[in-house]
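Shown next, in structure tokens, is the structure this report addresses.
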Protein chains: 2
Amino acid sequence: MHDLDETDLEILQLLTSNARRPYSDIADAVGLSPPAVSDRVARLQERGIIRGFTLDIDRSQLRKGTPVLLTLEIATGSQDVSSVKETLLDTGAVENVFTTAEADLVAYVRAPDTDVAGWLAATFSEETIDDFEVTLLSGADWSPNVGGMEFALTCAECGNTVDSEGTSARIDGDLYQFCCPSCETRFEEKYELLQQGAD
Amino acid sequence: MHDLDETDLEILQLLTSNARRPYSDIADAVGLSPPAVSDRVARLQERGIIRGFTLDIDRSQLRKGTPVLLTLEIATGSQDVSSVKETLLDTGAVENVFTTAEADLVAYVRAPDTDVAGWLAATFSEETIDDFEVTLLSGADWSPNVGGMEFALTCAECGNTVDSEGTSARIDGDLYQFCCPSCETRFEEKYELLQQGAD
DNA sequence: AATGAAAGGATTAAGCC
DNA sequence: GGCTTAATCCTTTCATT
């Protein structure tokens, strides 16, 4: 399995700003032939980096309801957190679910009516949710990902942007990017020290 | 300006599950000709319901860093909240920003390093942020929008699903859907009462 | 909104490095 | 393995009804 290069990032950026952009356009932009772009996109999909081509929809025009952030404390011993997460996503009223390190869930919900507690009760059995908190929202935005450095690789050591001069290394199964060999060396030394400390 | 019908919702659903699906495919699925589908998609874009065609990307494979939920209390009298929001989205490390009714911000951030406070300080001047809170995350999911009733129109009065028997009305510039004329009437009566109360 | 013709894009296969 | 070119097939667009 090979690593992402700058051309892949460029393709990602172009497709993110318009997923229906013709591959021939992209080919011109990145200096490849259309089949080469098609191949790269297929590879990005196989690797799971591109999960799919989708729409950015203004849901506020489709689904009425009160937009809220819902913090859920899941009862231990009931279903596991990820099944609650799946249930939330399946309701269709939930757009995002964040799982905290404490295994709480924070969900962005457009509750079908103003009675969020009622909606929750209708969706989950009483024992599932230990406690919940509702924060009313007046807006929800997400990164449109157009232009800018959204997909830039950053040096794991110094944080600078990684360009074609950069290096990368796989350490304990994770891929790290570096802007220069000296950053890579420093990082690896630090990493080894950390590992020794942990043993 | 015409209202959304079930065919529009079907098109939205098909494109959401694959934004590169050929219009000829969609035409077959919804029983129209390809140019008719193209027209409808163009109209959905003009109306701002489709904001764009984009990628669903597994960013965890691209951007290292610590995923956190960041709750920001914006100092009153500094910049306004929406400019802080824009700055966050522009950093490239922020994927979602929710604006609460109290004008706080809740952002989903992949901080470039483990020092979230440092990242904040580097991004905003000291006076901008009154207070902040960091919640470590172990996961972040969003609704893949495939299958199910995600795009069903719900009655603004009773919450039932709106089918082809339903009605819709534009009230004060907003479009509302109703499952039946009596729900529409009841809603309009309630709305007028509310308006009178507000004056 | 459908049709049919013309333009444009995607994909395949063969060959190259 | 990943690239290119050229040929084929499919999709989209436009003018027309």
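Residue numbering restarts at 1 for every chain of the structure tokens, chains are lettered A, B, ... in their displayed order, and ligands are numbered from 1 as they appear.
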Next on the checklist: With only C-alpha atoms (C1' of nucleotides) as the counted atoms, please give the residues lying no more than 12 Å from Asp58 in chain B, apart from itself and same-chain residues fewer than 6 positions off, as a ChimeraX atom specification.
Outcome noted: /A:12,44-52,151 /B:64,95,139-142
Write the selection just made, keeping N, CA and C atoms, as a PDB file, in the first residue's frame?
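This went into out.pdb:
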ATOM      1  N   LEU A  12      -8.133  15.217  -4.281  1.00  0.00           N
ATOM      2  CA  LEU A  12      -9.120  15.268  -3.195  1.00  0.00           C
ATOM      3  C   LEU A  12      -9.716  16.662  -3.082  1.00  0.00           C
ATOM      4  N   LEU A  44      -8.047   5.665  -4.036  1.00  0.00           N
ATOM      5  CA  LEU A  44      -8.429   6.410  -2.821  1.00  0.00           C
ATOM      6  C   LEU A  44      -9.712   5.838  -2.221  1.00  0.00           C
ATOM      7  N   GLN A  45     -10.582   5.334  -3.083  1.00  0.00           N
ATOM      8  CA  GLN A  45     -11.809   4.717  -2.578  1.00  0.00           C
ATOM      9  C   GLN A  45     -11.518   3.374  -1.922  1.00  0.00           C
ATOM     10  N   GLU A  46     -10.666   2.582  -2.581  1.00  0.00           N
ATOM     11  CA  GLU A  46     -10.312   1.279  -2.018  1.00  0.00           C
ATOM     12  C   GLU A  46      -9.691   1.421  -0.637  1.00  0.00           C
ATOM     13  N   ARG A  47      -8.874   2.448  -0.485  1.00  0.00           N
ATOM     14  CA  ARG A  47      -8.198   2.644   0.790  1.00  0.00           C
ATOM     15  C   ARG A  47      -9.112   3.248   1.840  1.00  0.00           C
ATOM     16  N   GLY A  48     -10.296   3.633   1.429  1.00  0.00           N
ATOM     17  CA  GLY A  48     -11.243   4.178   2.400  1.00  0.00           C
ATOM     18  C   GLY A  48     -11.039   5.644   2.709  1.00  0.00           C
ATOM     19  N   ILE A  49     -10.132   6.290   1.975  1.00  0.00           N
ATOM     20  CA  ILE A  49      -9.929   7.726   2.210  1.00  0.00           C
ATOM     21  C   ILE A  49     -11.105   8.485   1.624  1.00  0.00           C
ATOM     22  N   ILE A  50     -11.488   8.140   0.400  1.00  0.00           N
ATOM     23  CA  ILE A  50     -12.764   8.618  -0.132  1.00  0.00           C
ATOM     24  C   ILE A  50     -13.819   7.598   0.257  1.00  0.00           C
ATOM     25  N   ARG A  51     -14.731   8.010   1.139  1.00  0.00           N
ATOM     26  CA  ARG A  51     -15.793   7.092   1.541  1.00  0.00           C
ATOM     27  C   ARG A  51     -16.945   7.129   0.551  1.00  0.00           C
ATOM     28  N   GLY A  52     -17.031   8.222  -0.180  1.00  0.00           N
ATOM     29  CA  GLY A  52     -18.094   8.312  -1.176  1.00  0.00           C
ATOM     30  C   GLY A  52     -18.209   9.704  -1.764  1.00  0.00           C
ATOM     31  N   PHE A 151      -6.132  20.129   2.931  1.00  0.00           N
ATOM     32  CA  PHE A 151      -5.603  18.791   2.802  1.00  0.00           C
ATOM     33  C   PHE A 151      -4.087  18.761   2.853  1.00  0.00           C
TER      34      PHE A 151
ATOM     35  N   LYS B  64      -3.439  14.017  11.013  1.00  0.00           N
ATOM     36  CA  LYS B  64      -3.190  13.551  12.359  1.00  0.00           C
ATOM     37  C   LYS B  64      -3.628  14.656  13.309  1.00  0.00           C
ATOM     38  N   GLU B  95     -13.816  20.957  11.344  1.00  0.00           N
ATOM     39  CA  GLU B  95     -14.750  20.407  10.376  1.00  0.00           C
ATOM     40  C   GLU B  95     -16.173  20.893  10.576  1.00  0.00           C
ATOM     41  N   GLY B 139     -14.329   9.342  18.626  1.00  0.00           N
ATOM     42  CA  GLY B 139     -14.914   9.071  17.312  1.00  0.00           C
ATOM     43  C   GLY B 139     -15.799  10.208  16.846  1.00  0.00           C
ATOM     44  N   ALA B 140     -16.014  10.262  15.551  1.00  0.00           N
ATOM     45  CA  ALA B 140     -16.912  11.266  14.970  1.00  0.00           C
ATOM     46  C   ALA B 140     -17.575  10.645  13.753  1.00  0.00           C
ATOM     47  N   ASP B 141     -18.885  10.644  13.734  1.00  0.00           N
ATOM     48  CA  ASP B 141     -19.626  10.048  12.624  1.00  0.00           C
ATOM     49  C   ASP B 141     -20.644  11.035  12.094  1.00  0.00           C
ATOM     50  N   TRP B 142     -20.990  10.848  10.849  1.00  0.00           N
ATOM     51  CA  TRP B 142     -22.107  11.645  10.339  1.00  0.00           C
ATOM     52  C   TRP B 142     -22.999  10.768   9.514  1.00  0.00           C
TER      53      TRP B 142
END
Using only C-alpha atoms (C1' of nucleotides), which protein or nucleic acid residues come within 12 Å of DA7 in chain D? Drop anything in the same chain fewer than 6 positions from it, and give the result as a PDB file with N, CA and C atoms (P, O5', C5', C4', C3', O3' and C1' of nucleotides), in the first residue's frame.
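The file below, part16.pdb, is the result:
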ATOM      1  P    DT C  11     -15.316   6.006 -15.434  1.00  0.00           P
ATOM      2  O5'  DT C  11     -14.884   4.945 -16.526  1.00  0.00           O
ATOM      3  C5'  DT C  11     -15.873   4.506 -17.452  1.00  0.00           C
ATOM      4  C4'  DT C  11     -15.282   3.480 -18.382  1.00  0.00           C
ATOM      5  C3'  DT C  11     -14.203   2.592 -17.749  1.00  0.00           C
ATOM      6  O3'  DT C  11     -14.491   1.264 -18.133  1.00  0.00           O
ATOM      7  C1'  DT C  11     -13.352   3.624 -19.716  1.00  0.00           C
ATOM      8  P    DT C  12     -13.815   0.000 -17.392  1.00  0.00           P
ATOM      9  O5'  DT C  12     -13.178  -0.807 -18.596  1.00  0.00           O
ATOM     10  C5'  DT C  12     -13.908  -0.936 -19.813  1.00  0.00           C
ATOM     11  C4'  DT C  12     -12.956  -1.040 -20.986  1.00  0.00           C
ATOM     12  C3'  DT C  12     -11.772  -1.983 -20.749  1.00  0.00           C
ATOM     13  O3'  DT C  12     -11.958  -3.144 -21.553  1.00  0.00           O
ATOM     14  C1'  DT C  12     -11.097   0.051 -21.832  1.00  0.00           C
ATOM     15  P    DA C  13     -11.030  -4.445 -21.374  1.00  0.00           P
ATOM     16  O5'  DA C  13      -9.879  -4.204 -22.447  1.00  0.00           O
ATOM     17  C5'  DA C  13     -10.222  -3.797 -23.763  1.00  0.00           C
ATOM     18  C4'  DA C  13      -8.954  -3.498 -24.550  1.00  0.00           C
ATOM     19  C3'  DA C  13      -7.789  -4.443 -24.253  1.00  0.00           C
ATOM     20  O3'  DA C  13      -7.173  -4.808 -25.482  1.00  0.00           O
ATOM     21  C1'  DA C  13      -7.107  -2.213 -23.918  1.00  0.00           C
ATOM     22  P    DA C  14      -5.998  -5.842 -25.535  1.00  0.00           P
ATOM     23  O5'  DA C  14      -4.787  -4.933 -26.016  1.00  0.00           O
ATOM     24  C5'  DA C  14      -4.965  -4.047 -27.129  1.00  0.00           C
ATOM     25  C4'  DA C  14      -3.718  -3.202 -27.303  1.00  0.00           C
ATOM     26  C3'  DA C  14      -2.415  -3.985 -27.139  1.00  0.00           C
ATOM     27  O3'  DA C  14      -1.488  -3.552 -28.129  1.00  0.00           O
ATOM     28  C1'  DA C  14      -2.471  -2.198 -25.592  1.00  0.00           C
TER      29       DA C  14
END
Next on the checklist: For a quick test of understanding: name the residues of chain A lying within 12 Å of chain C when counting only C-alpha atoms (C1' of nucleotides), and present them as a list in words.
Outcome noted: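 Listed by rising number, the hits are Arg20, Arg21, Pro22, Tyr23, Ser24, Asp25, Ile26, Ala27, Ser33, Pro34, Pro35, Ala36, Val37, Ser38 and Asp39 of chain A.
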Item to check | Expected answer as a ChimeraX atom specification: chain D residues within 10 Å of chain B, only C-alpha atoms (C1' of nucleotides) | outcome: /D:10-14
What does the file look like for those residues with all heavy atoms, as a compact mmCIF listing (two decimals), in the first residue's frame?
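Written out: selection28.txt:
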# COMPACT_ATOMS: atom_id res chain seq x y z
P DC D 10 -22.29 1.34 -24.04
OP1 DC D 10 -22.66 0.13 -23.28
OP2 DC D 10 -22.95 1.67 -25.32
O5' DC D 10 -22.47 2.58 -23.06
C5' DC D 10 -21.59 2.74 -21.94
C4' DC D 10 -21.61 4.19 -21.54
O4' DC D 10 -21.01 4.99 -22.57
C3' DC D 10 -23.01 4.75 -21.31
O3' DC D 10 -23.09 5.17 -19.97
C2' DC D 10 -23.12 5.90 -22.31
C1' DC D 10 -21.66 6.25 -22.57
N1 DC D 10 -21.39 6.92 -23.88
C2 DC D 10 -20.84 8.20 -23.90
O2 DC D 10 -20.61 8.77 -22.84
N3 DC D 10 -20.60 8.79 -25.10
C4 DC D 10 -20.87 8.14 -26.23
N4 DC D 10 -20.60 8.75 -27.38
C5 DC D 10 -21.42 6.82 -26.23
C6 DC D 10 -21.67 6.25 -25.04
P DT D 11 -24.42 5.78 -19.36
OP1 DT D 11 -24.49 5.41 -17.95
OP2 DT D 11 -25.53 5.49 -20.29
O5' DT D 11 -24.12 7.35 -19.44
C5' DT D 11 -22.99 7.85 -18.80
C4' DT D 11 -22.93 9.36 -19.00
O4' DT D 11 -22.66 9.66 -20.38
C3' DT D 11 -24.20 10.11 -18.62
O3' DT D 11 -23.82 11.15 -17.74
C2' DT D 11 -24.74 10.61 -19.96
C1' DT D 11 -23.46 10.75 -20.78
N1 DT D 11 -23.61 10.63 -22.27
C2 DT D 11 -23.14 11.65 -23.06
O2 DT D 11 -22.62 12.66 -22.63
N3 DT D 11 -23.31 11.44 -24.40
C4 DT D 11 -23.87 10.33 -25.01
O4 DT D 11 -23.96 10.27 -26.23
C5 DT D 11 -24.34 9.30 -24.12
C7 DT D 11 -24.98 8.08 -24.67
C6 DT D 11 -24.19 9.50 -22.80
P DT D 12 -24.93 12.11 -17.07
OP1 DT D 12 -24.48 12.47 -15.73
OP2 DT D 12 -26.26 11.48 -17.30
O5' DT D 12 -24.82 13.40 -17.99
C5' DT D 12 -23.59 14.08 -18.05
C4' DT D 12 -23.66 15.18 -19.08
O4' DT D 12 -23.89 14.61 -20.39
C3' DT D 12 -24.79 16.20 -18.86
O3' DT D 12 -24.18 17.47 -18.82
C2' DT D 12 -25.72 15.99 -20.05
C1' DT D 12 -24.78 15.43 -21.11
N1 DT D 12 -25.39 14.56 -22.15
C2 DT D 12 -25.16 14.84 -23.48
O2 DT D 12 -24.49 15.77 -23.86
N3 DT D 12 -25.74 13.95 -24.36
C4 DT D 12 -26.51 12.85 -24.04
O4 DT D 12 -26.97 12.13 -24.92
C5 DT D 12 -26.71 12.61 -22.63
C7 DT D 12 -27.54 11.44 -22.18
C6 DT D 12 -26.15 13.46 -21.76
P DT D 13 -25.08 18.77 -18.42
OP1 DT D 13 -24.25 19.62 -17.56
OP2 DT D 13 -26.42 18.31 -18.02
O5' DT D 13 -25.24 19.50 -19.83
C5' DT D 13 -24.14 19.53 -20.74
C4' DT D 13 -24.60 20.06 -22.08
O4' DT D 13 -25.15 18.98 -22.87
C3' DT D 13 -25.67 21.15 -22.02
O3' DT D 13 -25.26 22.20 -22.87
C2' DT D 13 -26.94 20.45 -22.52
C1' DT D 13 -26.36 19.41 -23.46
N1 DT D 13 -27.15 18.16 -23.68
C2 DT D 13 -27.24 17.65 -24.96
O2 DT D 13 -26.71 18.18 -25.93
N3 DT D 13 -27.98 16.48 -25.06
C4 DT D 13 -28.61 15.80 -24.04
O4 DT D 13 -29.22 14.77 -24.26
C5 DT D 13 -28.47 16.40 -22.72
C7 DT D 13 -29.12 15.72 -21.55
C6 DT D 13 -27.75 17.53 -22.61
P DC D 14 -25.95 23.63 -22.85
OP1 DC D 14 -24.88 24.64 -22.78
OP2 DC D 14 -27.03 23.61 -21.84
O5' DC D 14 -26.62 23.71 -24.28
C5' DC D 14 -25.94 23.15 -25.42
C4' DC D 14 -26.89 23.12 -26.61
O4' DC D 14 -27.55 21.83 -26.66
C3' DC D 14 -28.00 24.17 -26.56
O3' DC D 14 -28.13 24.75 -27.86
C2' DC D 14 -29.22 23.39 -26.15
C1' DC D 14 -28.94 22.01 -26.77
N1 DC D 14 -29.58 20.86 -26.07
C2 DC D 14 -29.89 19.71 -26.80
O2 DC D 14 -29.62 19.66 -28.01
N3 DC D 14 -30.49 18.67 -26.17
C4 DC D 14 -30.76 18.75 -24.88
N4 DC D 14 -31.34 17.68 -24.29
C5 DC D 14 -30.46 19.92 -24.11
C6 DC D 14 -29.87 20.93 -24.75
Checklist entry - Using only C-alpha atoms, which of B:Val84, B:Val30, B:Leu136, B:Cys155 sits nearest chain A? => result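 Looking only at the distances to chain A, the closest residue turns out to be B:Leu136.
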Checklist entry - How many Å separate CA of Asp131 in chain A from CA of Ile74 in chain B? => result 27.4 Å
Checklist entry - Do you have the CA of Val94 in chain B-CA of Ser60 in chain B distance handy? => result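 Pair CA of Val94 in chain B / CA of Ser60 in chain B returns 12.6 Å.
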